[in-house]
$ cat model-v8.txt   # compact mmCIF, C-alpha atoms
# COMPACT_ATOMS: atom_id res chain seq x y z
CA MET A 1 178.75 -77.11 -95.26
CA GLU A 2 179.30 -74.07 -97.45
CA ASN A 3 176.36 -71.68 -97.84
CA PRO A 4 175.30 -71.77 -101.52
CA LEU A 5 174.20 -68.12 -101.34
CA ASP A 6 177.41 -66.67 -99.82
CA GLY A 7 178.17 -64.86 -103.07
CA PHE A 8 174.63 -63.65 -103.65
CA LYS A 9 173.48 -60.45 -102.00
CA PRO A 10 169.91 -59.53 -103.04
CA LYS A 11 169.49 -55.93 -104.04
CA ASP A 12 166.58 -53.76 -102.98
CA ALA A 13 163.46 -54.92 -104.85
CA SER A 14 161.17 -52.09 -103.77
CA ASP A 15 159.81 -49.51 -106.21
CA TYR A 16 161.42 -46.08 -106.26
CA ILE A 17 160.72 -42.61 -107.60
CA ALA A 18 162.60 -41.20 -110.60
CA ARG A 19 162.24 -37.56 -111.63
CA LEU A 20 162.91 -36.93 -115.30
CA GLU A 21 162.45 -33.70 -117.25
CA GLY A 22 159.78 -32.38 -114.92
CA ARG A 23 157.98 -35.74 -114.76
CA VAL A 24 157.76 -38.12 -111.84
CA LEU A 25 157.82 -41.84 -112.59
CA VAL A 26 157.56 -44.84 -110.31
CA LYS A 27 160.25 -47.29 -111.37
CA SER A 28 159.88 -50.99 -110.67
CA ARG A 29 162.59 -53.24 -109.31
CA SER A 30 160.91 -56.41 -110.50
CA HIS A 31 164.18 -57.39 -112.21
CA GLU A 32 165.91 -57.58 -108.82
CA MET A 33 163.00 -59.53 -107.33
CA LEU A 34 163.11 -62.03 -110.21
CA LEU A 35 166.83 -62.58 -109.65
CA ALA A 36 166.47 -62.96 -105.88
CA GLU A 37 163.63 -65.47 -106.16
CA TYR A 38 165.43 -67.49 -108.81
CA ALA A 39 168.74 -67.53 -106.90
CA LEU A 40 166.94 -68.91 -103.85
CA ALA A 41 165.21 -71.58 -105.95
CA VAL A 42 168.40 -72.87 -107.59
CA ALA A 43 170.36 -72.69 -104.34
CA ARG A 44 167.97 -75.34 -103.03
CA SER A 45 169.14 -77.51 -105.94
CA GLY A 46 172.80 -77.14 -104.99
CA PHE A 47 173.82 -74.18 -107.15
CA PHE A 48 176.06 -71.45 -105.78
CA ALA A 49 174.81 -68.04 -106.90
CA THR A 50 176.61 -64.73 -107.18
CA ASN A 51 175.54 -61.35 -108.45
CA LEU A 52 178.73 -59.63 -107.34
CA VAL A 53 180.46 -59.81 -110.75
CA HIS A 54 179.38 -56.63 -112.56
CA PRO A 55 177.83 -56.29 -115.15
CA ARG A 56 176.51 -59.86 -115.04
CA ASP A 57 173.02 -60.34 -113.61
CA LEU A 58 173.84 -63.68 -112.02
CA VAL A 59 176.44 -66.43 -112.22
CA LEU A 60 175.59 -69.96 -111.07
CA ARG A 61 178.07 -72.72 -110.26
CA ARG A 62 177.55 -76.40 -109.53
CA ASP A 63 179.56 -79.56 -110.17
CA GLY A 64 182.31 -77.71 -112.02
CA ASN A 65 179.84 -76.07 -114.40
CA GLU A 66 179.21 -72.33 -114.60
CA TRP A 67 176.14 -70.57 -116.01
CA LEU A 68 175.90 -66.92 -117.03
CA VAL A 69 172.33 -65.76 -116.36
CA GLU A 70 170.70 -62.78 -118.03
CA ALA A 71 167.29 -61.90 -116.55
CA LYS A 72 164.54 -60.15 -118.48
CA ILE A 73 161.13 -58.86 -117.46
CA LEU A 74 158.40 -59.21 -120.07
CA TYR A 75 156.58 -55.91 -120.33
CA GLN A 76 152.96 -56.23 -121.46
CA GLY A 77 153.71 -59.84 -122.41
CA ASN A 78 156.28 -58.82 -125.05
CA ALA A 79 158.44 -61.93 -125.35
CA THR A 80 160.05 -60.70 -128.57
CA ASP A 81 161.81 -57.74 -126.95
CA ALA A 82 162.83 -59.78 -123.90
CA VAL A 83 164.28 -62.63 -125.98
CA ARG A 84 166.14 -60.25 -128.32
CA SER A 85 167.61 -58.41 -125.39
CA ALA A 86 168.66 -61.56 -123.52
CA LEU A 87 170.19 -63.11 -126.65
CA GLY A 88 172.14 -59.96 -127.46
CA GLN A 89 173.44 -59.43 -123.95
CA LEU A 90 174.49 -63.05 -123.48
CA PHE A 91 176.40 -63.09 -126.78
CA ILE A 92 178.02 -59.73 -126.04
CA TYR A 93 179.06 -60.83 -122.54
CA GLN A 94 180.47 -64.10 -123.87
CA HIS A 95 182.50 -62.26 -126.50
CA PHE A 96 183.80 -59.35 -124.44
CA LEU A 97 183.93 -60.69 -120.89
CA TYR A 98 185.24 -64.17 -121.61
CA SER A 99 187.50 -63.63 -124.61
CA GLY A 100 190.27 -66.23 -124.52
CA THR A 101 188.81 -68.03 -121.51
CA MET A 102 186.31 -70.78 -121.01
CA ALA A 103 182.94 -69.04 -121.29
CA PRO A 104 180.15 -70.16 -118.99
CA ARG A 105 177.03 -71.68 -120.45
CA PRO A 106 174.35 -69.06 -121.19
CA LEU A 107 170.95 -69.02 -119.50
CA ALA A 108 168.13 -66.57 -120.22
CA LEU A 109 165.79 -66.04 -117.26
CA PHE A 110 162.32 -64.59 -117.88
CA SER A 111 159.57 -63.25 -115.64
CA GLU A 112 156.89 -65.23 -117.48
CA PRO A 113 156.54 -67.79 -120.30
CA ILE A 114 158.03 -66.80 -123.65
CA GLY A 115 156.33 -69.42 -125.84
CA THR A 116 157.58 -72.62 -127.41
CA GLY A 117 158.88 -70.88 -130.54
CA TYR A 118 161.25 -68.68 -128.55
CA VAL A 119 162.26 -71.55 -126.28
CA SER A 120 163.23 -73.56 -129.37
CA PHE A 121 164.98 -70.54 -130.91
CA LEU A 122 167.11 -69.99 -127.81
CA GLU A 123 167.95 -73.70 -127.54
CA GLU A 124 169.03 -73.75 -131.22
CA ASN A 125 171.39 -70.87 -130.40
CA GLY A 126 172.90 -72.69 -127.42
CA ILE A 127 171.00 -70.76 -124.76
CA ALA A 128 168.98 -72.49 -122.05
CA ALA A 129 165.83 -70.71 -120.86
CA VAL A 130 163.96 -70.58 -117.56
CA TRP A 131 160.75 -68.72 -116.80
CA ARG A 132 158.40 -68.22 -113.88
CA ASP A 133 154.82 -69.48 -114.20
CA GLU A 134 153.48 -70.69 -110.85
CA GLY A 135 156.90 -72.22 -110.29
CA TRP A 136 160.01 -72.40 -112.42
CA HIS A 137 159.87 -74.00 -115.87
CA GLY A 138 162.50 -74.34 -118.52
CA SER A 139 163.81 -75.43 -121.87
CA PRO A 140 165.04 -79.01 -122.30
CA THR A 141 168.64 -78.00 -121.49
CA ALA A 142 167.55 -76.09 -118.39
CA ILE A 143 165.55 -79.07 -117.17
CA ASP A 144 168.35 -81.56 -117.91
CA CYS A 145 170.87 -79.41 -116.01
CA GLY A 146 168.61 -78.88 -112.98
CA LEU A 147 168.15 -75.14 -113.57
CA THR A 148 164.42 -75.08 -112.89
CA GLY A 149 164.85 -75.22 -109.11

$ encode --input "model-v8.txt" --output "structure tokens"
Amino acid sequence: MENPLDGFKPKDASDYIARLEGRVLVKSRSHEMLLAEYALAVARSGFFATNLVHPRDLVLRRDGNEWLVEAKILYQGNATDAVRSALGQLFIYQHFLYSGTMAPRPLALFSEPIGTGYVSFLEENGIAAVWRDEGWHGSPTAIDCGLTG
């Protein structure tokens, strides 16, 4: 049996120090942790996960279907910025990385709930959504396609 995580190599999720203009900041790698935890969850549902296709955060494959995943951390609960960023990146990737080819289905992955309004907004724009909230939850498309782990 093929390992569903053969193409997924988790990156370092530990915090690190960044020195900028005489300041010292601790930078979080929560984005990498979110991706690693989600990849493990969907692998249990039969998805094959890869993060080895730069600049994509994650690509999932199962049953002949492919999903392009863009992960976003909500900072101070700001769903607006996270949704805008995910939407923009997914549309840009679809246009520039898949021009002339069959584009994968888009999936926005969030570190916490984004609210029903944004879930509906993303669905209306053809983007499934998944978020972490004591487990994995998702939009109707994400649930129907088994993307909630």

$ atom_distance --input "model-v8.txt" --atom1 "CA of Glu134 in chain A" --atom2 "CA of Ile114 in chain A"
14.1 Å

$ atom_distance --input "model-v8.txt" --atom1 "CA of Ser30 in chain A" --atom2 "CA of Glu66 in chain A"
24.6 Å

$ atom_distance --input "model-v8.txt" --atom1 "CA of Ala128 in chain A" --atom2 "CA of Ala142 in chain A"
5.3 Å

$ closest_residue --input "model-v8.txt" --among "A:Val59, A:Ile17, A:Leu87, A:Val119" --to "Ala103 in chain A" --atoms "only C-alpha atoms"
A:Val59

$ residues_near_point --input "model-v8.txt" --point "(176.5, -60.3, -121.5)" --cutoff "12 Å" --atoms "only C-alpha atoms" --output "NGL selection string"
:A and (53-59 or 67-71 or 85-99 or 103-108)

$ closest_residue --input "model-v8.txt" --among "A:Asn51, A:Ser139, A:Asn3, A:Tyr38" --to "Ile127 in chain A" --atoms "all atoms listed in the file"
A:Ser139

$ closest_residue --input "model-v8.txt" --among "A:Ile73, A:Val24, A:Cys145, A:Val83" --to "Asn125 in chain A" --atoms "only C-alpha atoms"
A:Val83
